[in-house]
Each structure stands twice: as C-alpha cells, then as structure tokens.
Amino acid sequence: MTTTLSRPVDVFDELRGAQLPSWGPRAVFGLAVVVGVGTYFLGLGVFRSVVLAWFICLSVPLWSLAIEGKRKATDRLVTTLVTSAFGLALLPLISILWIVISKGSKVLSTEFFTYSMRNVVGPGGGIYHALIGTLLITGAASVMSIPIGLFTSIYLVEYGQQNRLARWIRFLVDVMTGIPSIVAGLFAYALFALIFGDGIRLGIGGSVALSVLMIPVVVRSCEEMLKLVPNELREASYALGVPKWRTVAKVVLPTALAGIVTGITLAIARVIGETAPLLIIAGTTDSVNMDLFKDRMATLPVFAYSSISSPGFPPGPSIDRAWGAALVLLIIVMLLNLIARLVSYFFSPKGER
Amino acid sequence: MSTTQATRKAPPVRPGDRVFAGLSTGAGILILVILAGVGIFLTAKGIPGILAKPDEVKSGQHFLPWVWPLVYGTLIAATIALLIAVPVAIGVALFISHYAPRRLGQIFGYLIDLLAAVPSVVYGLWGIQFLAPHMVPFYAWLNKHLSFIPFFGEPSATGRTILTACIVLAVMILPIMTAICREIFLQTPRLHEEAALALGATKWEMARLAIFPYARSGIVSAAMLGLGRALGETLAVAMVLSVTAGEVTANLIGSSNPSTIAANIALNFKESTGLSVNALIASGLVLFIITFLVNFAARALVERRSEFSGAN
Amino acid sequence: MAKSIDVADLNIYYGDFLAVEGVTIPIAARSVTAFIGPSGCGKSTFLRSLNRMHEVIRGARVEGKVLIDGQDLYADDMDPVNVRRMIGMVFQRPNPFPTMSIYDNVLAGQKLNSKRMKKAESDDVVERSLRSAGLWTEVKDRLDRPGSGLSGGQQQRLCIARAISVEPEILLMDEPCSALDPISTSVIEDLIHELKTQYTIVIVTHNMQQAARVSDETAFFNLSGVGKPGRLIEVGRTEAIFSNPQEPATEAYIQGRFG
C-alpha cells in the first residue's frame, strides 16, 4: 500500500517539456537576415543570398526536432513554410512596383501627358491619346454596365429571390465571370463585324467587350451588398405603408450605397487595365480620337503593349514610353482601389458605435 | 405561388412598382441575352473558320491540327501555373488567417490584393523585361543537373519560356485563390478549432484537424477558379512567351514553345484577314468552352456549400 | 381614430403549410390586447397577418376574414400598402433607418412616400410623435443626429414615434421589449398605457408579467401538437385569464409548467 506513495510524482513534471528558448527562432531569423544581406554585398547575387538565408531559417525545425520532438518540429516547420509562402508572394509585388516605378518615372513629364504619338519618331511624344481613349472607353463601359448590373442585383435580391429565373441568372452571371477577356473581345468583334463588315475597329466595341467583363462583377458585388441590408429595415418600411419600389429605392439602396460604390469602383479598376479585348476591337492609333463610334482608338494598356511589341527603331524611347504608360495605368488602378477602400471605410452606415 | 386566386380581382398595381420590377427583371433577362449573344456570335463567326480549307488560312492547316498544339500549350501552362500557385496560396491564406497577428493580417491581405490590381500588361512587361532574363542562369542550372527529366531540356538563352510564363501566371492567379482560401479559413467554426486545441493539438495539427477538412471543397473551387483565370490570360503570356507555331514539346525551359489559344489570338489577330480571322474566333470558342467547363465544375463544388441569404 | 378588429375563422398558410388555424377573436378599439403562448405557436404570424405584413414572405396566404370596423382587410381590391398605412407596427428589435437622422426617422412614413410637407407642419408632426412616444425631451436637442446613435430603449421609442407619426388606427407590437433592459421595458410599458387612449394596441409578448401589467384582454395561443398548426386556445379579460383560466393548457402555461 505504501509503495505507491514511496515515490511522489510531481504532476507538473508531466506538463513540463524540453523547449527551445523563446529567443531561439528570432535569433535564427536574425542570423538568416544578416547572412543573406552580408552574402549579397559580398557579391553572391540576390537569388542565392535569399535561398541561403531561407535554408538557415529551416534550422529552427531541425533544432526543434532534436530538443522538442517530432510533433513540435513539424509545427515549427509549417510555421516557417507558411511565413515563407507569404514572403514569396510579396517578392513579385515588390519587384513589380519597384521596376515599374523606377523605369516608368523617368519618362513622366508634362509632354508625356499632353502629347499624342502623332508624327513622333524616336524620343518624345506622349500618352494623351491613350489616356483619352481609356477614359472614354471605360466610361462608356461603366455607363452600360452599372445600370444593368445594379438592376439585375436588385432583381436577384428583391424580386427573383430563389425562383427559377433568378437561379438561372445567378448561374449565368457566374459563367460570365469566367469569360476570358480575349473572348469578350472576340464577341465584340464578331458582333460589330456582322453589322459593319470584317476588319472593323471601334472604340464603342471596346466598351461592349469591357461591359461583358464588368457586368458580372457589378452584379456580384451589388448583390452581396443588398443582401447585407437587414430585412428589419425593409419590414419597417413596409409597415409604414411604403410601396416596395420606394422601399428599395429609398431604404435599401441608400443603406447599401457605400458598399455599392466600393464594388463599382473595384469593377472599374478591374476592367480599366484590360488589354486583350481592346487590342482586338479598339485597335491602336497614334492620334487623338474623341469619337467612340468611329475608327480606331488608342488606350493605355494597348499603348503599353504595342510600344513594347513593335517598338520601331531605335527601340529605346518606345520601351521607355511603355514603362511610363504602365506606371500611369498602375497609378490609376491603385488610386481606384484606394478610393474604393476609403468610400467603404468612411461612408458605410455607422452601426452601434 | 400567389396570394390571390385566379378568380379574385387584383388590387391596383402601383405604376412605380410595375416600372421598377420591369426594369429589374429586364436587366436580368438582358444578361441572359448578352451571354446567349456571346455564344451565338462566336459560333456564327467561328464556324467558317472551322470549315476552312488549309490553303484558305494563314496557318495552312486544317482547324483541328492547327488548334491542337494551342490547346496543349494552354492546358500545360495553366496546369503548371496552378501547381505552383496552389501551395503558395494555401500557405499565404493560412498565414494571414491564423498565423499573422489579427491586425497585421488585414494589412497583409490588402498587400496580396494589390497583386490582383496590377494590370496584365504590366505583368507582361515585368515578365519579359525582368523575370525572363533573371531566369536564364536558373534554367541553365536546371538543365545541367536535372536534364534527365524531360521537362528540363536544352535551355533558352532569353528566358522567354513556358516555365517563365507559368510563373507569371501563377503570380497573377495567386491573389484570387488566396482571397477565397482566406475567407474560408476564417469561416472555420471557432468551436472546431478550440476543440482541436483543447485536445492538445499543435497549431499545425489544429489546421489539419479542423481547418482543412472544413475548407477542402472551398480550396478545390478556389483552385478551379484560378485555373479558369490562367487558361484565359492573354497578354502576359503573349508578351513573355517566345513561340514556335505548331510546337508540342515537354521541354519547359526551351527556346521553342507552344503558344496558348489566348496569346495566339492576341499575337495574330491584327495581321489576319478573311477566314484566318474566323479560325482565330473559332479557337476563341474552344477556349470559351474549356473555361466554361472548368468554371462549371468549380461552381458545382461551391453550390454544395449552402448559401445564406439575408433577404427573405 | 382607433378601430376595432374582428377576426373570423382565419387560417394562415405558408405555401401548403398551415401555420395558424381557425382563429376567431374580437379586439376592441382603444384597448390593449396581449397575445401570449410558447415559441412557434403562431402568435407573431397571426399578428403580422393583421396588417398583411406576413405577405412579405413568398407563398404566404390566408383564408377567412379580418374585419377592421367592418371592412375586410383581405377583400380583393384591398391594397396591402394602404392597409399598412392604417395599421402601424413596432418590431422585436429596434430598427431605425441607419441612413436617416432622428428627425427623418420620425418622418420616414411621409418622406419615403414623398409626401410634401411644409417645414412648420413637419416640425409639428415630429414634436407631436416624439412627445407621444415619450422621447421628445431626450432627443429634442439632437434631432439631426443619426437614429442609430441612441440607446436600445430610445431606439425602440423612436420606432414607436415613427409608427404613430403616420397616424394609424391600430398599433401592432411584436415583442417590443424583448431586446431591451428592464428599465427601458418599464418606460415602454408606461407608454403603452398612455397610447391606448388613442390607439387600438395589439402586443405579442413572451413575458407573462408584462401581459398582465399592460393588457386589458389576453389571448393564449398554443400548438395543437408537434407539427400541427398553432391555434387560439382561450381569450378573455386579462384578470380572468390569469386568475381563473378555463382551459387546462392555459393554466399549465401561466403557472409555468410548460413552454
């Protein structure tokens, strides 16, 4: 009887286990950074230094395996891998931003924004015509897409709900989301070629193609936003004897407005950078064209593409202009994204604050 | 289902209600019409291209032998891009949802979303001017040490290979896949996670026990959507890839590469006339069908997850 | 102002599902009638059928008659929108419109219907409604602030002010205090006492003490069995129902033996 008590067991011994010191992983990470930076300056090259530093980080799980056992080591290995996945994803972002800004900012000047490429050989010229084209084509696409998209989402949430037509529309909107942009361009070309004959190039065709890409995005985001409006508000309005259409127009839409504006801005940001469909149907030109319904129209993305794909001789200035156009495009898209975030941040209806 | 029987006299319908309901329904139906239009116009313009004789088109080939290498290139490029992007996307999503501090996680999420905002022409510029030249030594190394694998044959001197295109594609589809995975990981019921942790699981074991089983169908559909994007991406591939017409090769790092359908259209549309244009449109139809099937499969998987609607 | 309600043999369906069966109940003008009963017994559904709010849900329909001063609400040419203007409603959770100020919330019934009003007239309506809802002194200095900035109890009184600003005949209240703390609840109960001099009030409540405190008449609803429709078991003077119920089910419920 007494033998069981002869060796008192400290229960906390069971809870204690060999552990890496808490500074361990951080120290290894610091070492990896130092080695990586050091070898880079010693002339090892970016790629090799990064790989070397990464391998040093991998020593944490190995160390853990020796001290803490297999389960903890696996956990630490996954932590390392997951964190490096994030780092890996940031590499292209940093690299793209750095190269576009450094190469593109060289050509930015007043001339770059205010001149077209008409009669320009070699250096000089600008993106005025492409900027105008992008604004016109995207603007016309928005004018077509926003009402169609918004009213469709109203149909889906307020009228169709779960009926058969609504389910079909929802499904086909999803299908539309997956249409490759070049196919949208071919559609617009096929449509206008049937009307005006082969070889047609029109700015408005570009708008039609962009609309095909934009409508499903608008429908989706507006639908999500309308669904977020609590039913209680609709009921409160109905209970006041307000007809359904006034309820939708004056209660549901204003409540969802910030979200809708955000969604539409993001949709515009998405299509403003589209190149492929515009290459097909809007084509490119060196001159300013203000008429959506007549002749070719240059746009920023297509301008960047054609400046690099057929630079002429000498190629240098043209390639520089491509980077400049890319930078301007990137800034426009980032600004639109920023605006969208700010709108949703500042103008969402304040709940219980 | 209606509140009134056929024999009952209906109460007066307000004109406002009728107009509004009409506009909404009309917009919905218009979308059906547009989509039908896409199918009809592509088919109408594409069929002559499919039927064209070899001497009537620029390629000098029948449609099928001409389009087959393009389909091959499209599928191989998208598949490899997916293989690269899926593990990274899952890792990044997991990092943002469960490993990074909550406040930072949101900022990190925005950073990854920024990748989605970069226009494809910028990706193309980056791929051709920055990535491709930097990949050349790596390809030489691959060829030197791993040439027994057929993927790594004679390396290209410019780096404008299908593998470079795949890396660019992988970066491009990463944000959408990360965003979907992140959302699903964040939706994992907190109770499941806590149950796993309460059993003494490490964080990784918790992920395996609670998060992945819950998120599996979501991850698959995210991958399918990414695949759909990769299949249809045009400009980045068209700019990066140095193509050889009709090439079908396993070598991913060589100087002669198969083109993809989308890139081929972008590269050849301007110079094509007559039936060659129709052939290009027909190849676009093929691409449309492929992406449709992929997206359809993805949606079918998503549909299984029940959707909650705030509207009654 | 204030009208009586007569319900005769009302069945309420959701599609093919019979939710409430065979309700016959007279509701007197200028009185408070409370509906009590266990969860899911159809009392809220029945309340919502009194101003045709249940029709918001697809497939809902009724058989039978609801007479307001002899007029059938479900007559063929009756417009549900006009019905709801005459019969106001207050909901379980306070639901002021988040995009509107307190002032606009009170006037929501007029503003949403684009009714033109002179400034003096609308000021008058706002003050009168807010005074009736007992909220005037608390908010008169911040009428332009958003309604969602008020406390839960104040929001609910704002919703009451909003409902009475369109001068309805009848006021329906669907568990108006269930989301509120005891002090706000007592404020609202006092308010109900004052309002019944002008309106016919029907209130659904889970709280039997509340029913006993505020109502003149009490109706007890119950399910006739699992999966069966809800029915009206008993209705009578509140004192009678609570002190001397006729039905054993009512007695069991009131004494807390089930539900």
# chains A, B, ... in the order shown; residues from 1 in each chain; ligands from 1
>>> closest_atom_pairs(of="chain B", to="chain A", cutoff="6 Å", atoms="only C-alpha atoms", output="JSON lines")
{"residue": "B:Asp17", "atom": "CA", "partner": "A:Trp245", "partner_atom": "CA", "distance": 5.1}
{"residue": "B:Ser24", "atom": "CA", "partner": "A:Phe151", "partner_atom": "CA", "distance": 4.6}
{"residue": "B:Thr25", "atom": "CA", "partner": "A:Tyr155", "partner_atom": "CA", "distance": 5.8}
{"residue": "B:Ala27", "atom": "CA", "partner": "A:Ile148", "partner_atom": "CA", "distance": 5.1}
{"residue": "B:Gly28", "atom": "CA", "partner": "A:Thr152", "partner_atom": "CA", "distance": 4.6}
{"residue": "B:Val38", "atom": "CA", "partner": "A:Phe187", "partner_atom": "CA", "distance": 5.5}
{"residue": "B:Phe41", "atom": "CA", "partner": "A:Ala190", "partner_atom": "CA", "distance": 5.7}
{"residue": "B:Leu42", "atom": "CA", "partner": "A:Phe187", "partner_atom": "CA", "distance": 5.9}
{"residue": "B:Val88", "atom": "CA", "partner": "A:Ala85", "partner_atom": "CA", "distance": 5.3}
{"residue": "B:Gly91", "atom": "CA", "partner": "A:Val82", "partner_atom": "CA", "distance": 4.6}
{"residue": "B:Val92", "atom": "CA", "partner": "A:Phe86", "partner_atom": "CA", "distance": 4.8}
{"residue": "B:Phe95", "atom": "CA", "partner": "A:Val82", "partner_atom": "CA", "distance": 5.6}
{"residue": "B:Pro119", "atom": "CA", "partner": "A:Gly273", "partner_atom": "CA", "distance": 4.8}
{"residue": "B:Val122", "atom": "CA", "partner": "A:Ala326", "partner_atom": "CA", "distance": 5.8}
{"residue": "B:Trp204", "atom": "CA", "partner": "A:Asp75", "partner_atom": "CA", "distance": 5.2}
{"residue": "B:Gly232", "atom": "CA", "partner": "A:Pro180", "partner_atom": "CA", "distance": 4.5}
{"residue": "B:Gly284", "atom": "CA", "partner": "A:Val183", "partner_atom": "CA", "distance": 5.8}
{"residue": "B:Gly310", "atom": "CA", "partner": "A:Lys227", "partner_atom": "CA", "distance": 4.9}
{"residue": "B:Ala311", "atom": "CA", "partner": "A:Lys227", "partner_atom": "CA", "distance": 5.7}
>>> write_last_selection(atoms="N, CA and C atoms", output="CSV table (one decimal), in the first residue's frame")
chain,number,residue,atom,x,y,z
B,17,ASP,N,-44.2,50.6,-58.8
B,17,ASP,CA,-43.8,49.2,-58.6
B,17,ASP,C,-43.7,48.4,-59.9
B,24,SER,N,-35.9,45.9,-63.3
B,24,SER,CA,-35.0,44.9,-62.7
B,24,SER,C,-35.1,43.6,-63.5
B,25,THR,N,-36.3,43.1,-63.8
B,25,THR,CA,-36.4,41.9,-64.5
B,25,THR,C,-35.8,42.0,-65.8
B,27,ALA,N,-33.3,43.9,-66.8
B,27,ALA,CA,-31.9,43.9,-66.7
B,27,ALA,C,-31.4,42.5,-66.5
B,28,GLY,N,-32.1,41.7,-65.7
B,28,GLY,CA,-31.7,40.3,-65.5
B,28,GLY,C,-31.8,39.5,-66.8
B,38,VAL,N,-23.0,36.1,-76.8
B,38,VAL,CA,-21.6,35.7,-76.9
B,38,VAL,C,-21.5,34.4,-77.6
B,41,PHE,N,-22.7,34.7,-81.5
B,41,PHE,CA,-21.9,35.4,-82.4
B,41,PHE,C,-20.6,34.7,-82.6
B,42,LEU,N,-20.0,34.2,-81.5
B,42,LEU,CA,-18.7,33.4,-81.7
B,42,LEU,C,-18.9,32.2,-82.6
B,88,VAL,N,1.4,27.8,-52.6
B,88,VAL,CA,1.7,29.2,-52.1
B,88,VAL,C,0.4,29.9,-51.6
B,91,GLY,N,-0.7,28.5,-48.3
B,91,GLY,CA,0.3,28.9,-47.3
B,91,GLY,C,0.0,30.4,-46.9
B,92,VAL,N,-0.1,31.2,-47.9
B,92,VAL,CA,-0.4,32.7,-47.6
B,92,VAL,C,-1.7,32.9,-46.9
B,95,PHE,N,-1.3,31.8,-43.4
B,95,PHE,CA,-0.5,32.8,-42.7
B,95,PHE,C,-1.4,34.0,-42.3
B,119,PRO,N,-2.5,45.5,-63.7
B,119,PRO,CA,-3.0,45.1,-65.0
B,119,PRO,C,-2.1,44.1,-65.7
B,122,VAL,N,1.1,45.0,-67.4
B,122,VAL,CA,2.2,45.3,-66.5
B,122,VAL,C,2.9,44.0,-66.1
B,204,TRP,N,-0.4,23.4,-36.1
B,204,TRP,CA,-0.5,22.7,-37.4
B,204,TRP,C,-1.5,21.5,-37.3
B,232,GLY,N,-7.5,31.6,-69.4
B,232,GLY,CA,-7.9,32.7,-70.3
B,232,GLY,C,-6.9,33.9,-70.4
B,284,GLY,N,-11.1,30.9,-80.2
B,284,GLY,CA,-11.6,31.5,-79.0
B,284,GLY,C,-12.8,30.8,-78.5
B,310,GLY,N,-29.5,37.1,-46.8
B,310,GLY,CA,-30.1,38.0,-45.8
B,310,GLY,C,-31.5,38.4,-46.2
B,311,ALA,N,-31.8,38.3,-47.5
B,311,ALA,CA,-33.2,38.6,-47.9
B,311,ALA,C,-34.1,37.4,-47.7
>>> select_by_dssp(residues="region 300-352 of chain A", states="helix (DSSP H, G or I)", output="PyMOL selection string")
chain A and resi 300-309+316-347
>>> residues_around(residues="Tyr110 (chain B)", least_positions_apart="3", cutoff="12 Å", atoms="only C-alpha atoms", output="ChimeraX atom specification")
/A:90,93,334,337-338,341 /B:96,103-107,113-117,175-176,178-179,182
>>> interface_residues(of="chain C", to="chain A", cutoff="10 Å", atoms="only C-alpha atoms", output="number ranges by chain")
C: 48, 51-54, 56, 58, 79-100, 108-114, 146-152, 159, 162-166, 168, 172
>>> residues_around(residues="Ala211 (chain C)", least_positions_apart="5", cutoff="8 Å", atoms="only C-alpha atoms", output="number ranges by chain")
C: 34-36, 205, 218, 238
>>> interface_residues(of="chain C", to="chain B", cutoff="6 Å", atoms="only C-alpha atoms", output="PyMOL selection string")
chain C and resi 59+61+76-79
>>> write_last_selection(atoms="C-alpha atoms", output="short mmCIF file (atom, residue, chain, number, x, y, z; two decimals), in the first residue's frame")
data_model
loop_
_atom_site.label_atom_id
_atom_site.label_comp_id
_atom_site.auth_asym_id
_atom_site.auth_seq_id
_atom_site.Cartn_x
_atom_site.Cartn_y
_atom_site.Cartn_z
CA GLY C 59 -46.15 31.94 -50.66
CA ARG C 61 -51.75 33.45 -47.87
CA ASP C 76 -60.00 41.61 -53.44
CA ASP C 77 -59.45 45.28 -54.09
CA MET C 78 -57.70 45.99 -50.80
CA ASP C 79 -54.16 47.32 -51.30
#
>>> atom_distance(atom1="CA of Ala179 (chain C)", atom2="CA of Glu55 (chain C)")
24.6 Å
>>> atom_distance(atom1="CA of Ile25 (chain C)", atom2="CA of Arg257 (chain C)")
25.6 Å
>>> atom_distance(atom1="CA of Ala157 (chain B)", atom2="CA of Ser255 (chain B)")
7.1 Å
>>> residues_around(residues="Phe17 (chain C)", least_positions_apart="2", cutoff="12 Å", atoms="only C-alpha atoms", output="ChimeraX atom specification")
/C:11-15,19-21,59-62,227-230
>>> write_last_selection(atoms="N, CA and C atoms", output="JSON list (two decimals), in the first residue's frame")
[["chain", "number", "residue", "atom", "x", "y", "z"],
["C", 11, "ASN", "N", -57.35, 31.16, -41.25],
["C", 11, "ASN", "CA", -56.27, 30.18, -41.44],
["C", 11, "ASN", "C", -55.12, 30.88, -42.15],
["C", 12, "ILE", "N", -53.89, 30.66, -41.69],
["C", 12, "ILE", "CA", -52.73, 31.27, -42.35],
["C", 12, "ILE", "C", -51.83, 30.16, -42.88],
["C", 13, "TYR", "N", -51.48, 30.28, -44.16],
["C", 13, "TYR", "CA", -50.64, 29.27, -44.80],
["C", 13, "TYR", "C", -49.32, 29.88, -45.24],
["C", 14, "TYR", "N", -48.26, 29.07, -45.18],
["C", 14, "TYR", "CA", -47.04, 29.38, -45.92],
["C", 14, "TYR", "C", -46.93, 28.30, -46.98],
["C", 15, "GLY", "N", -47.26, 28.62, -48.21],
["C", 15, "GLY", "CA", -47.32, 27.59, -49.23],
["C", 15, "GLY", "C", -48.41, 26.60, -48.86],
["C", 19, "ALA", "N", -49.99, 27.27, -40.93],
["C", 19, "ALA", "CA", -49.24, 27.72, -39.76],
["C", 19, "ALA", "C", -50.16, 28.03, -38.58],
["C", 20, "VAL", "N", -51.28, 28.67, -38.89],
["C", 20, "VAL", "CA", -52.22, 29.05, -37.84],
["C", 20, "VAL", "C", -53.61, 28.66, -38.32],
["C", 21, "GLU", "N", -54.40, 28.08, -37.43],
["C", 21, "GLU", "CA", -55.67, 27.51, -37.86],
["C", 21, "GLU", "C", -56.84, 28.08, -37.05],
["C", 59, "GLY", "N", -45.29, 33.10, -50.81],
["C", 59, "GLY", "CA", -46.15, 31.94, -50.66],
["C", 59, "GLY", "C", -47.11, 32.04, -49.49],
["C", 60, "ALA", "N", -47.05, 33.15, -48.74],
["C", 60, "ALA", "CA", -47.96, 33.28, -47.60],
["C", 60, "ALA", "C", -49.35, 33.67, -48.10],
["C", 61, "ARG", "N", -50.39, 33.07, -47.51],
["C", 61, "ARG", "CA", -51.75, 33.45, -47.87],
["C", 61, "ARG", "C", -52.67, 33.13, -46.70],
["C", 62, "VAL", "N", -53.87, 33.66, -46.74],
["C", 62, "VAL", "CA", -54.81, 33.41, -45.65],
["C", 62, "VAL", "C", -56.16, 32.98, -46.20],
["C", 227, "GLY", "N", -45.78, 19.65, -35.01],
["C", 227, "GLY", "CA", -46.00, 19.67, -36.45],
["C", 227, "GLY", "C", -47.41, 20.09, -36.84],
["C", 228, "LYS", "N", -48.25, 20.34, -35.85],
["C", 228, "LYS", "CA", -49.61, 20.79, -36.15],
["C", 228, "LYS", "C", -49.63, 22.32, -36.14],
["C", 229, "PRO", "N", -50.68, 22.91, -36.71],
["C", 229, "PRO", "CA", -50.75, 24.38, -36.72],
["C", 229, "PRO", "C", -51.02, 24.94, -35.34],
["C", 230, "GLY", "N", -50.68, 26.23, -35.15],
["C", 230, "GLY", "CA", -50.99, 26.90, -33.91],
["C", 230, "GLY", "C", -52.46, 27.30, -33.88]]
>>> residues_around(residues="Gly60 (chain B)", least_positions_apart="4", cutoff="12 Å", atoms="only C-alpha atoms", output="list in words")
Ala52, Lys53, Pro54, Asp55, Glu56, Leu64, Pro65, Trp66, Val67, Ala245, Gly246, Leu275, Ser276 and Ala279 of chain B
